[in-house]
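The structure file my_file16.txt is reproduced below (compact mmCIF, C-alpha atoms).
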# COMPACT_ATOMS: atom_id res chain seq x y z
CA MET S 244 19.98 38.88 25.81
CA SER S 245 19.38 37.02 22.52
CA ALA S 246 15.93 35.71 21.69
CA THR S 247 14.92 32.21 20.60
CA ILE S 248 12.11 32.27 18.06
CA LEU S 249 10.15 29.34 16.64
CA LEU S 250 8.70 29.46 13.13
CA ALA S 251 5.87 26.91 12.82
CA PRO S 252 3.60 27.77 9.88
CA ASP S 253 1.30 25.94 7.51
CA SER S 254 1.56 26.68 3.79
CA PHE S 255 -0.22 29.60 2.16
CA LYS S 256 -2.27 27.58 -0.32
CA GLY S 257 -1.24 28.24 -3.90
CA SER S 258 1.43 30.82 -3.11
CA LEU S 259 3.92 29.88 -0.39
CA SER S 260 4.98 26.55 1.07
CA ALA S 261 5.49 26.23 4.81
CA ARG S 262 9.19 25.56 4.22
CA ARG S 263 9.57 28.71 2.10
CA PHE S 264 7.68 30.72 4.74
CA CYS S 265 10.33 29.64 7.25
CA GLU S 266 13.21 30.58 4.94
CA VAL S 267 11.81 34.05 4.21
CA ALA S 268 10.81 34.73 7.82
CA GLU S 269 14.17 33.57 9.18
CA ALA S 270 16.03 35.93 6.85
CA ALA S 271 13.78 38.82 7.97
CA ILE S 272 14.36 38.02 11.64
CA ARG S 273 18.14 37.78 11.24
CA GLU S 274 18.18 41.16 9.52
CA THR S 275 16.19 42.68 12.38
CA LEU S 276 17.68 40.70 15.30
CA PRO S 277 21.10 39.42 14.20
CA ASP S 278 21.71 37.63 17.52
CA ALA S 279 18.42 35.74 17.54
CA THR S 280 18.28 31.95 17.48
CA VAL S 281 15.67 30.89 14.92
CA VAL S 282 14.22 27.36 14.84
CA SER S 283 12.16 26.42 11.78
CA HIS S 284 9.51 23.70 11.99
CA PRO S 285 7.23 23.73 8.92
CA LEU S 286 3.88 22.06 9.55
CA ALA S 287 0.69 21.01 7.76
CA ASP S 288 -2.86 20.00 8.64
CA GLY S 289 -3.27 17.00 6.37
CA GLY S 290 -4.22 19.08 3.34
CA GLU S 291 -2.16 20.56 0.55
CA GLY S 292 1.50 21.01 1.51
CA THR S 293 1.75 18.05 3.87
CA LEU S 294 4.40 16.23 1.86
CA GLU S 295 6.59 19.34 1.63
CA ALA S 296 6.39 19.71 5.40
CA LEU S 297 7.60 16.12 5.82
CA ALA S 298 10.17 16.04 3.00
CA GLY S 299 12.88 17.52 5.21
CA LEU S 300 12.81 14.58 7.62
CA GLU S 301 15.99 12.55 7.72
CA GLY S 302 15.83 9.61 5.31
CA ALA S 303 12.68 10.82 3.51
CA GLU S 304 12.62 9.55 -0.06
CA TRP S 305 10.42 10.66 -2.96
CA VAL S 306 8.71 8.03 -5.12
CA SER S 307 7.19 9.01 -8.47
CA VAL S 308 4.41 6.99 -10.12
CA THR S 309 2.21 7.43 -13.20
CA VAL S 310 -1.46 7.05 -12.18
CA SER S 311 -4.95 7.98 -13.34
CA GLY S 312 -5.87 11.62 -12.83
CA PRO S 313 -9.27 12.82 -11.62
CA LEU S 314 -10.71 12.73 -15.15
CA GLY S 315 -8.97 9.50 -16.15
CA GLU S 316 -5.93 11.02 -17.86
CA SER S 317 -2.42 9.93 -16.89
CA VAL S 318 -0.66 12.10 -14.30
CA ARG S 319 2.68 11.84 -12.55
CA ALA S 320 2.21 11.76 -8.77
CA ASP S 321 4.80 11.63 -6.00
CA TYR S 322 4.59 10.21 -2.51
CA LEU S 323 7.07 9.95 0.37
CA LEU S 324 8.74 6.97 1.97
CA LEU S 325 9.92 7.78 5.47
CA SER S 326 12.98 6.10 6.91
CA PRO S 327 13.49 3.24 7.38
CA ARG S 328 11.05 2.72 4.45
CA ARG S 329 8.34 1.57 6.81
CA THR S 330 5.89 4.46 6.33
CA ALA S 331 4.45 5.82 3.09
CA VAL S 332 2.79 9.25 3.07
CA ILE S 333 0.42 9.86 0.16
CA GLU S 334 -1.26 13.18 -0.60
CA MET S 335 -4.49 12.35 -2.42
CA ALA S 336 -4.53 15.75 -4.13
CA ARG S 337 -1.46 14.78 -6.16
CA ALA S 338 -3.47 12.11 -7.97
CA SER S 339 -7.07 13.26 -7.55
CA GLY S 340 -6.83 16.95 -6.73
CA LEU S 341 -8.78 19.95 -7.95
CA LEU S 342 -5.58 21.71 -9.03
CA LEU S 343 -5.12 18.99 -11.68
CA VAL S 344 -8.36 20.04 -13.40
CA PRO S 345 -8.47 23.24 -15.49
CA PRO S 346 -11.43 25.42 -14.46
CA GLU S 347 -13.16 24.93 -17.79
CA ARG S 348 -12.90 21.12 -17.48
CA LYS S 349 -14.38 20.62 -14.00
CA ARG S 350 -16.63 17.54 -14.00
CA PRO S 351 -17.81 17.05 -10.43
CA LEU S 352 -20.11 14.11 -11.31
CA GLU S 353 -17.35 12.15 -13.08
CA ALA S 354 -14.16 12.98 -11.14
CA THR S 355 -12.60 9.86 -9.63
CA THR S 356 -10.17 8.90 -6.87
CA ARG S 357 -8.88 5.92 -8.86
CA GLY S 358 -5.37 7.37 -9.06
CA THR S 359 -5.23 7.63 -5.28
CA GLY S 360 -6.00 3.91 -5.09
CA GLU S 361 -3.23 3.23 -7.59
CA LEU S 362 -0.80 5.12 -5.35
CA LEU S 363 -1.99 3.07 -2.37
CA GLY S 364 -1.45 -0.12 -4.33
CA HIS S 365 2.08 0.95 -5.27
CA ALA S 366 2.92 1.67 -1.63
CA LEU S 367 1.53 -1.71 -0.55
CA ARG S 368 3.75 -3.45 -3.09
CA ALA S 369 6.74 -1.48 -1.75
CA GLY S 370 6.39 -3.42 1.51
CA VAL S 371 5.60 -0.58 3.90
CA ARG S 372 4.04 -1.26 7.30
CA ARG S 373 2.13 1.99 7.63
CA ILE S 374 0.37 4.17 5.06
CA VAL S 375 -0.71 7.72 5.82
CA LEU S 376 -3.12 9.21 3.30
CA THR S 377 -3.72 12.95 3.56
CA LEU S 378 -7.26 14.00 2.66
CA GLY S 379 -7.74 17.44 1.20
CA GLY S 380 -7.86 19.44 -2.01
CA SER S 381 -9.88 16.87 -3.95
CA ALA S 382 -11.66 17.30 -7.28
CA THR S 383 -13.91 14.38 -6.37
CA SER S 384 -17.15 13.47 -4.59
CA ASP S 385 -17.12 9.72 -5.22
CA ALA S 386 -16.86 8.49 -1.59
CA GLY S 387 -13.53 6.92 -2.47
CA THR S 388 -15.15 4.37 -4.80
CA GLY S 389 -12.54 5.05 -7.48
CA CYS S 390 -9.77 4.43 -4.96
CA LEU S 391 -11.42 1.22 -3.75
CA SER S 392 -12.05 0.03 -7.32
CA ALA S 393 -8.32 0.28 -8.03
CA LEU S 394 -7.78 -2.02 -5.04
CA GLY S 395 -10.25 -4.71 -6.13
CA PHE S 396 -13.67 -3.54 -4.90
CA ARG S 397 -16.61 -3.63 -7.32
CA PHE S 398 -19.53 -1.20 -7.23
CA LEU S 399 -22.44 -2.62 -9.24
CA ASP S 400 -25.84 -1.44 -10.45
CA ARG S 401 -29.01 -3.56 -10.24
CA HIS S 402 -28.04 -5.38 -13.44
CA GLY S 403 -24.67 -6.40 -11.98
CA ARG S 404 -22.75 -3.95 -14.16
CA PRO S 405 -19.89 -1.83 -12.76
CA LEU S 406 -20.84 1.79 -12.22
CA PRO S 407 -18.95 4.40 -14.27
CA PRO S 408 -16.43 6.55 -12.39
CA GLY S 409 -17.53 9.45 -10.22
CA GLY S 410 -20.05 10.36 -7.58
CA GLY S 411 -22.75 11.11 -10.11
CA ALA S 412 -23.37 7.39 -10.66
CA LEU S 413 -23.60 6.40 -7.00
CA GLU S 414 -27.37 6.87 -6.76
CA ARG S 415 -27.61 3.75 -9.00
CA LEU S 416 -25.48 1.64 -6.63
CA ALA S 417 -27.14 -1.69 -5.85
CA ARG S 418 -24.37 -3.93 -4.54
CA ILE S 419 -20.77 -3.84 -3.33
CA GLU S 420 -18.36 -6.71 -3.82
CA ALA S 421 -15.44 -6.22 -1.48
CA PRO S 422 -12.59 -8.59 -2.23
CA GLY S 423 -10.21 -5.74 -1.50
CA PRO S 424 -6.57 -6.11 -0.46
CA ASP S 425 -5.64 -8.02 2.67
CA LEU S 426 -3.76 -5.33 4.60
CA GLY S 427 -2.70 -7.80 7.29
CA GLU S 428 -0.66 -5.91 9.88
CA ILE S 429 -0.37 -2.77 7.74
CA GLU S 430 -1.75 0.31 9.49
CA LEU S 431 -3.79 2.66 7.29
CA VAL S 432 -4.38 6.20 8.54
CA GLY S 433 -6.42 8.96 6.93
CA ALA S 434 -5.20 12.42 7.93
CA THR S 435 -7.84 15.11 7.54
CA ASP S 436 -8.03 18.84 8.13
CA VAL S 437 -11.83 18.76 8.49
CA THR S 438 -14.36 16.86 10.60
CA THR S 439 -16.99 17.01 7.85
CA PRO S 440 -19.49 14.15 7.90
CA LEU S 441 -20.46 12.37 4.71
CA LEU S 442 -24.06 13.62 4.53
CA GLY S 443 -26.36 16.50 5.39
CA PRO S 444 -26.17 20.30 5.31
CA THR S 445 -22.56 20.24 6.57
CA GLY S 446 -21.66 17.13 4.57
CA THR S 447 -19.17 16.87 1.74
CA ALA S 448 -21.52 17.44 -1.21
CA ARG S 449 -23.36 20.49 0.10
CA LEU S 450 -20.29 22.08 1.66
CA PHE S 451 -17.57 21.40 -0.91
CA ALA S 452 -19.03 20.23 -4.25
CA PRO S 453 -19.89 23.78 -5.43
CA GLN S 454 -16.21 24.76 -5.38
CA LYS S 455 -15.51 21.67 -7.49
CA GLY S 456 -17.87 22.98 -10.16
CA ALA S 457 -21.19 21.40 -9.13
CA SER S 458 -24.43 23.22 -9.87
CA PRO S 459 -27.21 23.17 -7.24
CA ALA S 460 -28.88 20.28 -9.10
CA GLU S 461 -25.58 18.38 -9.27
CA VAL S 462 -24.99 18.96 -5.54
CA GLU S 463 -28.31 17.24 -4.81
CA GLN S 464 -27.47 14.39 -7.21
CA LEU S 465 -24.17 13.86 -5.42
CA GLU S 466 -25.92 13.99 -2.04
CA ARG S 467 -28.37 11.29 -3.17
CA GLY S 468 -25.46 9.17 -4.40
CA LEU S 469 -23.58 9.50 -1.14
CA GLU S 470 -26.73 8.60 0.81
CA ARG S 471 -27.11 5.48 -1.35
CA PHE S 472 -23.45 4.60 -0.82
CA ALA S 473 -23.88 4.82 2.97
CA GLU S 474 -27.03 2.67 2.84
CA VAL S 475 -25.41 -0.08 0.76
CA VAL S 476 -22.22 -0.06 2.82
CA LYS S 477 -24.26 -0.52 5.99
CA ARG S 478 -26.35 -3.30 4.42
CA ASP S 479 -23.57 -5.21 2.64
CA LEU S 480 -20.57 -4.58 4.90
CA GLY S 481 -22.11 -3.70 8.27
CA LEU S 482 -20.34 -0.34 8.53
CA ASP S 483 -22.06 2.92 9.45
CA VAL S 484 -20.04 5.59 7.66
CA ALA S 485 -22.71 8.31 7.51
CA GLU S 486 -21.97 10.05 10.81
CA THR S 487 -18.26 9.37 11.31
CA PRO S 488 -16.36 12.67 11.78
CA GLY S 489 -14.03 13.17 8.82
CA ALA S 490 -15.88 10.69 6.60
CA GLY S 491 -16.76 13.55 4.27
CA ALA S 492 -13.12 14.60 3.81
CA ALA S 493 -11.86 14.68 0.22
CA GLY S 494 -15.30 14.17 -1.30
CA GLY S 495 -16.10 11.22 0.96
CA LEU S 496 -12.75 9.45 0.53
CA GLY S 497 -12.63 9.40 4.33
CA ALA S 498 -15.73 7.17 4.28
CA GLY S 499 -14.22 4.95 1.60
CA LEU S 500 -11.08 4.39 3.66
CA LEU S 501 -13.19 3.09 6.52
CA LEU S 502 -14.00 0.10 4.26
CA LEU S 503 -10.29 -0.72 4.40
CA GLY S 504 -10.20 -0.50 8.19
CA ALA S 505 -8.52 2.90 8.23
CA ARG S 506 -8.33 5.17 11.24
CA LEU S 507 -9.20 8.84 10.62
CA VAL S 508 -7.17 11.34 12.63
CA PRO S 509 -6.69 15.14 12.65
CA GLY S 510 -3.95 15.96 10.15
CA PHE S 511 -2.09 18.37 12.42
CA GLU S 512 -1.74 15.76 15.16
CA LEU S 513 -0.27 13.28 12.69
CA VAL S 514 2.19 15.75 11.14
CA ALA S 515 3.20 16.94 14.61
CA GLU S 516 3.88 13.33 15.61
CA LEU S 517 5.89 12.50 12.46
CA THR S 518 7.99 15.67 12.70
CA GLY S 519 8.49 15.62 16.49
CA PHE S 520 6.86 19.00 17.08
CA GLU S 521 6.42 18.64 20.83
CA GLU S 522 10.03 17.44 21.07
CA THR S 523 11.06 20.73 19.44
CA PHE S 524 9.39 22.54 22.35
CA ARG S 525 11.13 20.32 24.88
CA ARG S 526 14.57 20.99 23.36
CA HIS S 527 14.30 24.79 23.37
CA GLN S 528 13.17 27.61 25.62
CA PHE S 529 11.27 29.76 23.13
CA ASP S 530 10.62 33.45 23.68
CA LEU S 531 8.27 33.87 20.71
CA VAL S 532 6.39 31.65 18.26
CA ILE S 533 5.40 32.83 14.78
CA THR S 534 2.87 30.70 12.93
CA GLY S 535 0.67 31.32 9.91
CA GLU S 536 -1.57 30.20 7.06
CA GLY S 537 -3.22 31.70 4.02
CA ARG S 538 -6.37 32.90 5.80
CA LEU S 539 -7.07 33.07 9.52
CA ASP S 540 -10.84 32.90 10.12
CA GLU S 541 -13.57 30.92 11.86
CA GLN S 542 -12.61 27.80 9.88
CA SER S 543 -9.17 27.96 11.52
CA ARG S 544 -10.72 26.76 14.78
CA HIS S 545 -11.31 23.32 13.30
CA GLY S 546 -7.96 21.55 13.23
CA LYS S 547 -5.92 24.21 11.42
CA VAL S 548 -2.22 24.61 12.14
CA PRO S 549 -2.05 28.14 13.66
CA VAL S 550 -4.71 27.44 16.29
CA ALA S 551 -3.14 24.09 17.20
CA VAL S 552 0.27 25.76 17.54
CA ALA S 553 -1.22 28.59 19.63
CA ARG S 554 -2.82 26.12 22.04
CA ILE S 555 0.46 24.28 22.62
CA ALA S 556 2.51 27.47 23.01
CA SER S 557 -0.06 29.17 25.25
CA ARG S 558 -0.03 26.16 27.54
CA LEU S 559 3.71 26.75 27.97
CA GLY S 560 3.35 30.50 28.41
CA VAL S 561 5.02 31.45 25.12
CA PRO S 562 3.48 34.35 23.13
CA VAL S 563 2.24 33.43 19.65
CA VAL S 564 1.83 35.76 16.68
CA ALA S 565 0.03 34.59 13.55
CA VAL S 566 0.92 35.93 10.11
CA ALA S 567 -1.70 35.26 7.45
CA GLY S 568 -2.57 36.35 3.95
CA GLN S 569 -5.80 37.68 5.43
CA VAL S 570 -7.04 37.87 9.03
CA ALA S 571 -10.81 37.70 9.51
CA LEU S 572 -10.95 37.42 13.31
CA ASP S 573 -11.26 40.33 15.75
CA GLU S 574 -8.95 40.87 18.72
CA ALA S 575 -11.26 39.07 21.15
CA GLY S 576 -11.54 36.09 18.81
CA LEU S 577 -7.76 35.92 18.42
CA GLN S 578 -7.15 36.05 22.17
CA ALA S 579 -9.74 33.34 22.77
CA LEU S 580 -7.75 31.06 20.45
CA GLY S 581 -4.47 31.78 22.26
CA PHE S 582 -2.90 34.36 19.94
CA HIS S 583 -0.95 37.31 21.28
CA ALA S 584 -1.61 39.07 17.96
CA ALA S 585 -2.17 38.43 14.26
CA ARG S 586 -0.89 40.33 11.26
CA SER S 587 -2.09 40.24 7.66
CA LEU S 588 0.09 40.46 4.56
CA VAL S 589 -2.58 42.84 3.25
CA ASP S 590 -2.25 46.38 4.62
CA GLU S 591 -2.31 50.00 3.51
CA LYS S 592 0.69 49.39 1.25
CA THR S 593 -0.16 45.87 0.02
CA THR S 594 -3.34 44.89 -1.82
CA PRO S 595 -4.54 41.25 -1.88
CA GLU S 596 -3.38 41.05 -5.50
CA MET S 597 0.10 42.30 -4.59
CA ALA S 598 0.35 39.84 -1.70
CA MET S 599 -0.60 36.93 -3.99
CA ARG S 600 1.82 38.06 -6.68
CA ASP S 601 4.77 38.58 -4.34
CA PRO S 602 4.02 36.92 -0.98
CA GLU S 603 7.69 36.70 0.00
CA THR S 604 8.26 40.46 0.03
CA ALA S 605 5.04 41.02 1.96
CA LEU S 606 5.90 38.27 4.45
CA ALA S 607 9.42 39.59 5.08
CA ARG S 608 8.06 43.08 5.77
CA VAL S 609 5.36 41.86 8.17
CA VAL S 610 7.69 39.51 10.08
CA ALA S 611 10.23 42.30 10.52
CA ARG S 612 7.48 44.52 11.96
CA VAL S 613 6.29 41.75 14.29
CA VAL S 614 9.76 41.18 15.69
CA LYS S 615 10.49 44.90 16.12
CA LYS S 616 7.23 45.46 17.99
CA TRP S 617 7.74 42.38 20.15
CA ARG S 618 11.25 43.55 21.15
CA GLY S 619 9.83 46.99 21.85
Entire entry expressed as C-alpha cells:
Amino acid sequence: MSATILLAPDSFKGSLSARRFCEVAEAAIRETLPDATVVSHPLADGGEGTLEALAGLEGAEWVSVTVSGPLGESVRADYLLLSPRRTAVIEMARASGLLLVPPERKRPLEATTRGTGELLGHALRAGVRRIVLTLGGSATSDAGTGCLSALGFRFLDRHGRPLPPGGGALERLARIEAPGPDLGEIELVGATDVTTPLLGPTGTARLFAPQKGASPAEVEQLERGLERFAEVVKRDLGLDVAETPGAGAAGGLGAGLLLLGARLVPGFELVAELTGFEETFRRHQFDLVITGEGRLDEQSRHGKVPVAVARIASRLGVPVVAVAGQVALDEAGLQALGFHAARSLVDEKTTPEMAMRDPETALARVVARVVKKWRG
C-alpha cells in the first residue's frame, strides 16, 4: 500500500529555503519509496523566508522597490502582492535586516527601519486592502520610529528638533507628532515569530541587541531609549505598548506598528491561513509528516513552525518527524511537543561545517533514513 507523506518545513536560516527543503526531500523519498504520494507545503513563522513560502501561491506577484537600507544606503527590496492584488506581504528584513549589514559595519545605535516604512508607503499607494508585515531578522532597535518617520510621524527632542535615526537617540525623545497616514479600511497586520515584550530582561534590547553588535553599555542605552519611547507614546497617544506581547519583535517595530493600529499575530498562524495549511490536511489522508528548521531547541516551543505542525498533526493522529540542522531537545522533550522523532543533519559522518556547506546532500541522506525506518 502506497504512503502519503506531507513535507511542511520552515527554512534553514542562511542555508536552505523551505521550498528547496521540499524539493530535496521529495526527491529522496521518491528514490526510497517510488510509489509514495508526496505533498509539499513550505511554511514560515513570520521571520526570514516568509516571502519564499508564499511566492508559490497562485497569482502571487513580486514588486521591487529601491528604499533606504538599515544604515541609510539605498537597497533594492522586494515584496509580494497576493491575488487579486488586495494583500501586500512585506518582509522587514529585506529593507532593514541584519543580513544587509556587513559584520564590521554593525551600528546598533544608528540602524533604522526607515526603508520598511518606505515599502509600506509603496504598498499603500498600490491600493491594497491588507498589508502583512513580517517581523524578524532586523538590524534595528529603533521601536519602528524610522518606519513611522517615513510615513509622516515626527519624533522630536526638547528643542523641537527631529531625532537622528536609530534607537540610540530615543532617550532624548520629548514629543511625538503623529500626522501619519490615514489607513481607512486597510488592515495592517504584524506577523511575528516571537512574543518578546518591548522592555525588561526578556525585552528586545537585552535579548537581541547583542547579536546586532551592541556592547553591554549600548544595550542599556537602547533599553533607556525604548523606555522613553513607551513613556512618550503613552503620554502623547494614549497607547500602552510596553507590555504587549510581540511589541519587541524586530527591535521594537512591533510596538511602532501599534501606533498605526496594527494587529500583532503569530507568524505561523498567518502563513498557515494564507497558504491554506489546514485545508491541505483536509484534502489528504497523511501517513507521515516531515517538518524541520535550522535548529530544534527550547526556543522552538514559542511559535516556531515544527512545533506548530506537530501539534496539528498529533491532533489528527499522524506521526511527525522533525529534521533539523541541529537537535537540542531530548526524547522526552520531543515527545512532549508531539514529535514521533527528530533527526539532525549533523551525525557521525557529517560535521556542522559540512552540513552548512552542503545542506542538500545531508538532508537527502537523513530523509531517506527517516522514511526507511518509518516503513520498517
Exercise. Taking (-11.2, 22.7, 12.2) in the file's coordinates as the center, which residues reach within 7 Å of it, counting all atoms listed in the file, put as a PyMOL selection string?
Worked result: chain S and resi 436-438+542-547
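Nearest residue to Ser587 in chain S among S:Arg600, S:Arg348, S:Arg538, S:Arg397 is S:Arg538, counting all atoms listed in the file.
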For the interface of range 268-374 of chain S with range 551-572 of chain S (cut-off 12 Å, counting only C-alpha atoms), please tabulate each contacting residue of range 268-374 of chain S alongside its nearest pair of atoms and their separation in Å to one decimal, rows sorted by chain and increasing number, as CSV.
residue,atom,partner,partner_atom,distance
S:Ala268,CA,S:Val566,CA,10.2
S:His284,CA,S:Val552,CA,11.0
S:Pro285,CA,S:Val552,CA,11.3
S:Leu286,CA,S:Val552,CA,9.5
S:Ala287,CA,S:Ala551,CA,10.6
S:Asp288,CA,S:Ala551,CA,9.5
For this session: Calculate how many Å separate CA of Arg467 in chain S from CA of Gly481 in chain S, rounding to one decimal.
Result: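 Rounded to one decimal, the two atoms are 19.9 Å apart.
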Exercise. Around (-10.3, 11.9, 14.6) in the file's own coordinates, what residues are found within 9 Å if you use all atoms listed in the file, given back as a list in words?
Worked result: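 Within 9 Å of (-10.3, 11.9, 14.6), the protein and nucleic acid residues are Ala434, Thr435, Thr438, Thr487, Pro488, Gly489, Arg506, Leu507, Val508, Pro509 and Gly510 of chain S.
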Exercise. Which of these residues is nearest to Pro453 in chain S, using all atoms listed in the file: S:Leu431, S:Val484, S:Ala382, S:Leu297?
Worked result: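 The shortest atom-to-atom distance to Pro453 in chain S comes from S:Ala382.
Our summary of the geometry notes that CA of Leu324 in chain S is positioned 5.1 Å from CA of Glu304 in chain S.
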For this session: Might you pull out every residue within 12 Å of Gly299 in chain S, with only C-alpha atoms counted and same-chain residues fewer than 2 positions away left off, and present them as a ChimeraX atom specification?
Result: /S:261-262,283-286,293-297,301-305,323-326,517-518
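Among S:Gln578, S:Thr330, S:Thr447, S:Thr388, the residue with the shortest atom-to-atom distance to Val462 in chain S, counting only C-alpha atoms, is S:Thr447.
Distances to Phe451 in chain S were evaluated for S:Gly423, S:Pro405, S:Gly576, S:Pro351 using all atoms listed in the file, and the minimum falls at S:Pro351.
Between CA of Leu416 in chain S and CA of Gly497 in chain S the interatomic distance comes to 18.6 Å.
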Problem set entry | S:Cys265, S:Ala498, S:Val476, S:Leu314 ranked by distance to Gly446 in chain S, top pick (using all atoms listed in the file) | S:Ala498
For this session: Within 10 Å of Gly257 in chain S, counting only C-alpha atoms, which residues show up once you throw out same-chain ones fewer than 3 positions away? Write them as JSON, numbers by chain, please.
Result: {"S": [254, 260, 291, 292, 342, 537, 599]}
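Comparing S:Thr523, S:Ser384, S:Thr594, S:Ser317 by their smallest distance to Glu466 in chain S, the closest is S:Ser384 (using only C-alpha atoms).
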Would you mind listing what lies within 7 Å of Val308 in chain S as a tab-separated table (two decimals) with C-alpha atoms, in the frame of the given file, with only C-alpha atoms counted and same-chain residues fewer than 4 positions away left out?
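Okay, selection_5.tsv is ready:
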chain	number	residue	atom	x	y	z
S	319	ARG	CA	2.68	11.84	-12.55
S	320	ALA	CA	2.21	11.76	-8.77
S	321	ASP	CA	4.80	11.63	-6.00
For this session: Show which residues sit within 12 Å of Leu469 in chain S, as a PyMOL selection string. Count only C-alpha atoms, and ignore same-chain residues fewer than 3 positions away.
Result: chain S and resi 352+384-388+409-416+440-443+446-449+462-466+472-476+484-485+490-491+494-496+498-499
For this session: Pick out the residues sitting within 12 Å of Trp617 in chain S, and hand them over as an NGL selection string; count all atoms listed in the file, and ignore anything fewer than 5 positions along from it in its own chain.
Result: :S and (246 or 248 or 272 or 275-276 or 530-533 or 562-564 or 583-584 or 610-612)
